[in-house]
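Please read the structure below before turning to the comments.
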Amino acid sequence: MPTDIPGIHHVTAVGADPARNAAFYTETLGLRLVKRSVNQDDVSVYHLFYGDRTGSPGTSMTVFPYPDAAPGQVGQGQASAVAFLIPDGSVDFWIDRLASADVDAETTERFGDTVVRFSDPDGLPLELVARTDAPAGDPPERPVPAEHAIRGFFGVTLSLSDADRTATLLEAMGFETTGTEGRRRRYEADGDLGYVVDLSEDPDAPQGRPGAGTVHHVAFQVTRETHAEWRQVLIDHGLRPTDIIDRKWFESVYARTSGGVLFEYATEEPGYTVDEELAHLGERLVLPEWLEGRRDEIEADLPSLELHDTVRQE
Ligand code: ZN
C-alpha cells in the first residue's frame, strides 16, 4: 500500500455570481484568493482558489462560479458540508463576524467540539469547528486577525444512502473510524488539516443534485511518487479512475465513488506559486500554458472580477 493520505487537499464547489463568491470567501471568511483561473473543462467559467497565504494543501477551497447557475440540491451522494478549522476561543469572534456580514449562523456541539454552521451566498453548507489543537497555520495577514483566522479545512461530511463501501475506501486511504454520533460515523486521517471525513447515513435526506451551492468534488493529498499506486488502489476497489491529469498547480486522478461522491487525488506539488510570485497570487487571470494561446478569447468571455484591496498580501 502507498503511504497513508494525511487529509484533504482541496474542496471544489459550484457557485453562481463570481464577485459575490470572491467577496464572501476573502472578505467575510478571510481566506486569500490564491489563484484566479478558468475551469479547464469549461473555460467560459472562472476557477477561483481560496486558501491560506500560499494556498497550501489542506487549506484550499475552490469554486466554479457559473453566473447563471441554477441552485443545486444538497443531499445524498454529495459532500453535504465543508468544515473549516478555527482555534478554540474564536467562536464568539466568528459569530459576531458572520452576524455583522448578515450571515445567519447557528452553533451546535458535535463530538465534543463547538461547530458554527452557516451557508455561503449560494447556499453551500459551511462549518467552523473550534479545536484546541488547531495548528497556527499560515493565514493571510488581513482581514481576519491571525489569532482567529481559519487555519484550513477540518473536514467534510459525506451524505450517503449506504456508507459501507465509502468507509472501506477511506480505510484503505489510511483513515480510521474514531466514533459515531447519531447517523454520523467519523473517520480521521493522520494530518493536522482536513483530516476528518464524517459519513452521514440519513435515508430521509433528499437526493443531491448538482448546481450552485453544492460540492463538486473532494480532493485528497497524495504525492507524485504514490500517485500511480493510489490509482491502482481505486481500481482494486472497483472504481474507474481517470488517468493522471496535469492541472498545472497539481496533478490529479478523479474517481466517482460508489456512494456518488466524486473523489480526486491531487499532488502536493508543485503548488500555486509555480506560476505567480507569492506576493501577487490571485491578482490576474492565470492560464496553464496549453490555454495561453486562447487568452484574449477567454478573457473576453469572463465577467469582470474586481476585488477589494483587503485580499492583497504584501
Ligand atoms: Zn479538484
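Scheme for the C-alpha cells: letters A, B, ... for chains in order shown; per-chain residue numbers from 1; ligand numbers from 1 in order shown.
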Can you check which parts of chain A lie within 8 Å of ligand 1? Per residue, the shortest pair of atoms and distance in Å to one decimal, counting only C-alpha atoms and all ligand atoms, sorted by chain and number, as a tab-separated table.
residue	atom	partner	partner_atom_place_in_ligand_line	distance
A:His10	CA	ligand 1	1 (Zn)	6.4
A:Val11	CA	ligand 1	1 (Zn)	6.5
A:Thr12	CA	ligand 1	1 (Zn)	5.8
A:Thr62	CA	ligand 1	1 (Zn)	7.7
A:His217	CA	ligand 1	1 (Zn)	6.4
A:Val218	CA	ligand 1	1 (Zn)	6.8
A:Ala219	CA	ligand 1	1 (Zn)	5.6
A:Ser252	CA	ligand 1	1 (Zn)	7.4
A:Glu264	CA	ligand 1	1 (Zn)	6.1
A:Ala266	CA	ligand 1	1 (Zn)	7.3
Any idea what's packed within 10 Å of region 203-208 of chain A, counting only C-alpha atoms, ignoring anything in its chain fewer than 2 positions away? Could you give it as a PDB file with N, CA and C atoms, in the first residue's frame?
ATOM      1  N   GLY A  72     -28.435  24.076  -6.854  1.00  0.00           N
ATOM      2  CA  GLY A  72     -28.490  22.629  -6.758  1.00  0.00           C
ATOM      3  C   GLY A  72     -29.242  22.218  -5.506  1.00  0.00           C
ATOM      4  N   GLN A  73     -29.259  20.931  -5.251  1.00  0.00           N
ATOM      5  CA  GLN A  73     -29.860  20.397  -4.028  1.00  0.00           C
ATOM      6  C   GLN A  73     -28.771  19.682  -3.256  1.00  0.00           C
ATOM      7  N   VAL A  74     -28.508  20.139  -2.048  1.00  0.00           N
ATOM      8  CA  VAL A  74     -27.551  19.442  -1.196  1.00  0.00           C
ATOM      9  C   VAL A  74     -28.220  18.176  -0.677  1.00  0.00           C
ATOM     10  N   GLY A  75     -27.544  17.047  -0.831  1.00  0.00           N
ATOM     11  CA  GLY A  75     -28.178  15.819  -0.357  1.00  0.00           C
ATOM     12  C   GLY A  75     -27.315  14.601  -0.595  1.00  0.00           C
ATOM     13  N   GLN A  76     -27.972  13.463  -0.647  1.00  0.00           N
ATOM     14  CA  GLN A  76     -27.268  12.194  -0.743  1.00  0.00           C
ATOM     15  C   GLN A  76     -26.421  12.117  -2.015  1.00  0.00           C
ATOM     16  N   GLY A  77     -25.272  11.491  -1.863  1.00  0.00           N
ATOM     17  CA  GLY A  77     -24.369  11.351  -2.988  1.00  0.00           C
ATOM     18  C   GLY A  77     -23.429  12.526  -3.134  1.00  0.00           C
ATOM     19  N   GLN A  78     -23.391  13.376  -2.103  1.00  0.00           N
ATOM     20  CA  GLN A  78     -22.538  14.573  -2.168  1.00  0.00           C
ATOM     21  C   GLN A  78     -21.794  14.754  -0.839  1.00  0.00           C
ATOM     22  N   ALA A  79     -20.778  15.601  -0.911  1.00  0.00           N
ATOM     23  CA  ALA A  79     -20.251  16.190   0.320  1.00  0.00           C
ATOM     24  C   ALA A  79     -21.266  17.256   0.710  1.00  0.00           C
ATOM     25  N   SER A  80     -21.935  17.057   1.828  1.00  0.00           N
ATOM     26  CA  SER A  80     -23.080  17.902   2.179  1.00  0.00           C
ATOM     27  C   SER A  80     -22.707  19.027   3.129  1.00  0.00           C
ATOM     28  N   SER A 159     -22.871  12.748   2.603  1.00  0.00           N
ATOM     29  CA  SER A 159     -24.223  12.238   2.809  1.00  0.00           C
ATOM     30  C   SER A 159     -24.434  11.058   1.870  1.00  0.00           C
ATOM     31  N   LEU A 160     -24.689   9.888   2.452  1.00  0.00           N
ATOM     32  CA  LEU A 160     -24.722   8.658   1.663  1.00  0.00           C
ATOM     33  C   LEU A 160     -25.929   7.808   2.043  1.00  0.00           C
ATOM     34  N   SER A 161     -26.497   7.107   1.064  1.00  0.00           N
ATOM     35  CA  SER A 161     -27.592   6.201   1.393  1.00  0.00           C
ATOM     36  C   SER A 161     -27.033   4.927   2.041  1.00  0.00           C
ATOM     37  N   ASP A 162     -25.841   4.539   1.632  1.00  0.00           N
ATOM     38  CA  ASP A 162     -25.187   3.374   2.222  1.00  0.00           C
ATOM     39  C   ASP A 162     -23.690   3.689   2.282  1.00  0.00           C
ATOM     40  N   ARG A 183     -26.372   9.522  13.292  1.00  0.00           N
ATOM     41  CA  ARG A 183     -26.171   8.859  11.994  1.00  0.00           C
ATOM     42  C   ARG A 183     -24.802   9.163  11.404  1.00  0.00           C
ATOM     43  N   SER A 200     -22.474  10.343   6.799  1.00  0.00           N
ATOM     44  CA  SER A 200     -23.807  10.523   7.353  1.00  0.00           C
ATOM     45  C   SER A 200     -24.803   9.713   6.535  1.00  0.00           C
ATOM     46  N   GLU A 201     -25.394   8.728   7.181  1.00  0.00           N
ATOM     47  CA  GLU A 201     -26.416   7.904   6.522  1.00  0.00           C
ATOM     48  C   GLU A 201     -27.779   8.373   6.985  1.00  0.00           C
ATOM     49  N   PRO A 210     -26.617  18.368  -8.662  1.00  0.00           N
ATOM     50  CA  PRO A 210     -25.576  19.379  -8.882  1.00  0.00           C
ATOM     51  C   PRO A 210     -26.165  20.756  -9.168  1.00  0.00           C
ATOM     52  N   GLY A 211     -25.396  21.780  -8.874  1.00  0.00           N
ATOM     53  CA  GLY A 211     -25.827  23.148  -9.133  1.00  0.00           C
ATOM     54  C   GLY A 211     -25.160  24.076  -8.150  1.00  0.00           C
ATOM     55  N   THR A 214     -23.469  23.576  -4.186  1.00  0.00           N
ATOM     56  CA  THR A 214     -23.161  22.165  -3.899  1.00  0.00           C
ATOM     57  C   THR A 214     -21.672  21.909  -4.138  1.00  0.00           C
ATOM     58  N   VAL A 215     -21.174  20.868  -3.472  1.00  0.00           N
ATOM     59  CA  VAL A 215     -19.779  20.478  -3.657  1.00  0.00           C
ATOM     60  C   VAL A 215     -19.654  19.677  -4.943  1.00  0.00           C
ATOM     61  N   GLY A 260     -21.506   7.912  -4.855  1.00  0.00           N
ATOM     62  CA  GLY A 260     -21.849   9.007  -5.755  1.00  0.00           C
ATOM     63  C   GLY A 260     -20.952  10.220  -5.639  1.00  0.00           C
ATOM     64  N   VAL A 261     -20.144  10.290  -4.578  1.00  0.00           N
ATOM     65  CA  VAL A 261     -19.287  11.470  -4.377  1.00  0.00           C
ATOM     66  C   VAL A 261     -18.051  11.351  -5.268  1.00  0.00           C
TER      67      VAL A 261
END
| message | My list of candidates is A:Ala212, A:Ala101, A:Ala130, A:Ala70. Which is closest to Gly15 (chain A) when distances are computed with only C-alpha atoms? | response | A:Ala212
Using only C-alpha atoms, tabulate the residues of region 118-215 of chain A lying at most 12 Å from any atom of region 221-226 of chain A, each with its closest atom pair and that distance in Å to one decimal, by chain and increasing residue number, as a tab-separated table.
residue	atom	partner	partner_atom	distance
A:Met173	CA	A:Val222	CA	10.0
A:Gly174	CA	A:Gln221	CA	11.7
A:Ala189	CA	A:Gln221	CA	11.0
A:Asp190	CA	A:Gln221	CA	11.8
A:Gly191	CA	A:Gln221	CA	10.0
A:Leu193	CA	A:Gln221	CA	10.7
A:Gly194	CA	A:Gln221	CA	9.6
A:Tyr195	CA	A:Gln221	CA	10.3
Write the residues you've just listed into a file as a CSV table (one decimal), in the first residue's frame, and include N, CA and C atoms for each of them.
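Final output, saved to result.csv:
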chain,number,residue,atom,x,y,z
A,173,MET,N,-7.4,4.3,2.5
A,173,MET,CA,-6.6,5.5,2.3
A,173,MET,C,-5.9,5.9,3.6
A,174,GLY,N,-6.1,5.1,4.7
A,174,GLY,CA,-5.4,5.4,5.9
A,174,GLY,C,-6.3,6.1,7.0
A,189,ALA,N,-7.9,10.9,9.5
A,189,ALA,CA,-6.5,10.6,9.0
A,189,ALA,C,-5.5,11.2,9.9
A,190,ASP,N,-4.2,11.1,9.6
A,190,ASP,CA,-3.2,11.5,10.5
A,190,ASP,C,-2.6,12.9,10.3
A,191,GLY,N,-3.2,13.7,9.4
A,191,GLY,CA,-2.7,15.0,9.2
A,191,GLY,C,-3.2,16.0,10.2
A,193,LEU,N,-4.6,19.1,9.1
A,193,LEU,CA,-5.7,19.9,8.4
A,193,LEU,C,-6.5,18.9,7.5
A,194,GLY,N,-7.7,19.1,7.4
A,194,GLY,CA,-8.6,18.4,6.5
A,194,GLY,C,-8.5,16.9,6.8
A,195,TYR,N,-8.4,16.5,8.0
A,195,TYR,CA,-8.2,15.1,8.4
A,195,TYR,C,-9.4,14.3,8.8
| query | If you run DSSP on the backbone, which residues of region 119-202 of chain A are strand (DSSP E or B), as an NGL selection string? | reply | :A and (119 or 125-131 or 152-160 or 176-181 or 184-188 or 196-201)
| said: Here is a test: counting only C-alpha atoms, which residue of A:Arg247, A:Arg53, A:Arg20, A:Arg186 is nearest to Asp41 (chain A)? | reply: A:Arg247
| message | Taking only C-alpha atoms into account, name the residue in A:Leu169, A:Ala105, A:Leu305, A:Ile95 that is nearest to Leu285 (chain A). | response |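 Closest candidate: A:Leu305.
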| request: List every residue of region 153-302 of chain A that DSSP, applied to the backbone of this structure, assigns to helix (DSSP H, G or I), and report them as an NGL selection string. | output: :A and (164-172 or 227-236 or 272-274 or 278-280 or 289-292 or 295-301)
| task | Tell me which protein, DNA and RNA residues are within 6 Å of Leu128 (chain A), counting only C-alpha atoms, leaving out same-chain ones fewer than 4 positions away, and put them as JSON, numbers by chain. | result | {"A": [83, 84, 85, 115, 116]}
| task | Find the residues near Ile298 (chain A): any atom within 8 Å, counting only C-alpha atoms, skip ones fewer than 4 places away on the same chain, and give them as a PyMOL selection string. | result | chain A and resi 43-44+294+302
